[in-house]
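Accompanying notes for the structure given below.
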Amino acid sequence: MATPSHADIINILAKSSADPTTVTQLESYVRAQVDSLYGPAALTTSEPSSPYNFDANRALTKLYQFFPHLADESCTALILLLSLLEYPSTDFTALACLVPERVQEREPCATLSRCSDLLEQSHFSTFWVTFRELIINDSASEELKMAAASPAAVRKVRGSILNLLGLTYKVAPIGTVLSALDVKDEAALKEYVNGDDIAKKIVENVDGDKVVFVSREENTKKSRVFKEAVGLDAIAAALAKGCHTATAAGQ
């Protein structure tokens, strides 16, 4: 069966998303997403032939729920990987809650869940160690191992983490940035920033022991301006008048 196009998938979702006969087509599209986004040609293609589609992946995960005899755990793992790589979106959480607990506890889904938790907790250096374990996970499919090892996948997560750092810091210690991005040293960081269009928009410069981020509303302190509607002299006069009135009334 030929891989369905993105237009085909949109049509399926509009007309028959709850039809179990669409499982094969939806599974085929999951694998097409992995190949298109994180396969060998991913870094050389500007527009993926099979773009990420959360709704299609959710529809397939729901069909697995209702028709468990059709469920394919290797495809579920690919769905979770695709959603993990959309960090910092909540796609992983939204899809994982549809996956049976027994499946989540088995590999490679268990490792994918740990990766998601580590990203959510901003434990980035530990995330990279755990994420690399997918490449040698005996229970993972070759498709998943290939995607986890893909430079495109590393670039995607690295860009998301860098963006988060850029929202948090105006200036950050270089060690913090290197650890979070899983980059070896200052030279490697400069090479990454200079060679990545997204990173160039986030990092202003790498200067010795610090990284300076482009100024944004989120990482720039704002001085709070208080407008005095009533002057202090007026307040004092009002208080004095009130005291005088109260004294007169009491006499």
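Every chain in the structure tokens takes a letter, A first, then B, and so on in the order presented; its residues are numbered from 1, and the ligands are numbered from 1 following the presented order.
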key: Spatial neighbours of A:Lys156, max dist 9 Å, only C-alpha atoms, sep filter under 3 positions, as a list in words   =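 My list of contacting residues is Leu85, Glu86, Tyr87, Pro151, Ala152, Ala153, Gly159, Ser160 and Ile161 of chain A.
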Output N, CA and C atoms of each residue in that selection to a file, as a short mmCIF file (atom, residue, chain, number, x, y, z; two decimals), in the first residue's frame.
data_model
loop_
_atom_site.label_atom_id
_atom_site.label_comp_id
_atom_site.auth_asym_id
_atom_site.auth_seq_id
_atom_site.Cartn_x
_atom_site.Cartn_y
_atom_site.Cartn_z
N LEU A 85 9.65 15.05 20.53
CA LEU A 85 10.50 15.97 19.78
C LEU A 85 9.80 17.30 19.46
N GLU A 86 8.52 17.39 19.82
CA GLU A 86 7.79 18.66 19.67
C GLU A 86 7.90 19.53 20.92
N TYR A 87 8.69 19.09 21.91
CA TYR A 87 8.92 19.86 23.12
C TYR A 87 9.23 21.32 22.74
N PRO A 151 20.69 13.55 13.36
CA PRO A 151 21.10 14.94 13.63
C PRO A 151 19.89 15.89 13.62
N ALA A 152 18.88 15.56 12.84
CA ALA A 152 17.68 16.40 12.79
C ALA A 152 16.94 16.39 14.13
N ALA A 153 16.89 15.22 14.78
CA ALA A 153 16.22 15.12 16.08
C ALA A 153 17.00 15.89 17.14
N GLY A 159 17.39 23.12 19.67
CA GLY A 159 16.82 24.43 19.37
C GLY A 159 15.74 24.83 20.36
N SER A 160 14.92 23.85 20.76
CA SER A 160 13.85 24.13 21.73
C SER A 160 14.42 24.50 23.09
N ILE A 161 15.45 23.77 23.51
CA ILE A 161 16.09 24.06 24.81
C ILE A 161 16.77 25.43 24.76
#
key: Non-local contacts of stretch 106-115 of chain A (12 Å; only C-alpha atoms; under 6 positions in same chain excluded) as an NGL selection string   = :A and (73-85 or 87 or 92-93 or 95-97 or 99-100 or 121-142 or 144-145 or 148 or 157)
key: Coordinates-based distance that separates atom CA of A:Ser36 from atom CA of A:Pro48 (Å, one decimal)   =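 Separation between atom CA of A:Pro48 and atom CA of A:Ser36: 5.4 Å.
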query = Please, which residues of stretch 136-222 of chain A, numbered as in this document, come out helix (DSSP H, G or I) from DSSP, as a ChimeraX atom specification?
reply = /A:136,142-149,151-168,174-181,186-195,197-202,217-219
task = Provide the atom CA of A:Tyr29 to atom CA of A:Glu47 distance in Å, to one decimal place.
result = 15.9 Å
task = For each of A:Lys210, A:Asp196, A:Arg216, A:Tyr64, take the minimum atom-to-atom distance to A:Thr21, counting only C-alpha atoms, then give the residue where this is smallest.
result = A:Tyr64
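Between atom CA of A:Ala94 and atom CA of A:Val23 the separation is 19.5 Å.
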message = Could you check the closest approach to A:Glu191 for each of A:Leu70, A:Val206, A:Ile174, A:Leu167 and tell me which residue wins, using only C-alpha atoms?
response =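 Of the candidates, the smallest distance to A:Glu191 is held by A:Val206.
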query = With only C-alpha atoms as the basis for distance, which of A:His69, A:Arg102, A:Lys62, A:Arg155 is at the shortest distance from A:Ala199?
reply =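 The closest residue to A:Ala199 is A:Arg155.
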query = Between A:Ala188, A:Ala180, A:Leu60, A:Ala172, which is the closest to A:Val203 once you count only C-alpha atoms?
reply = A:Ala172
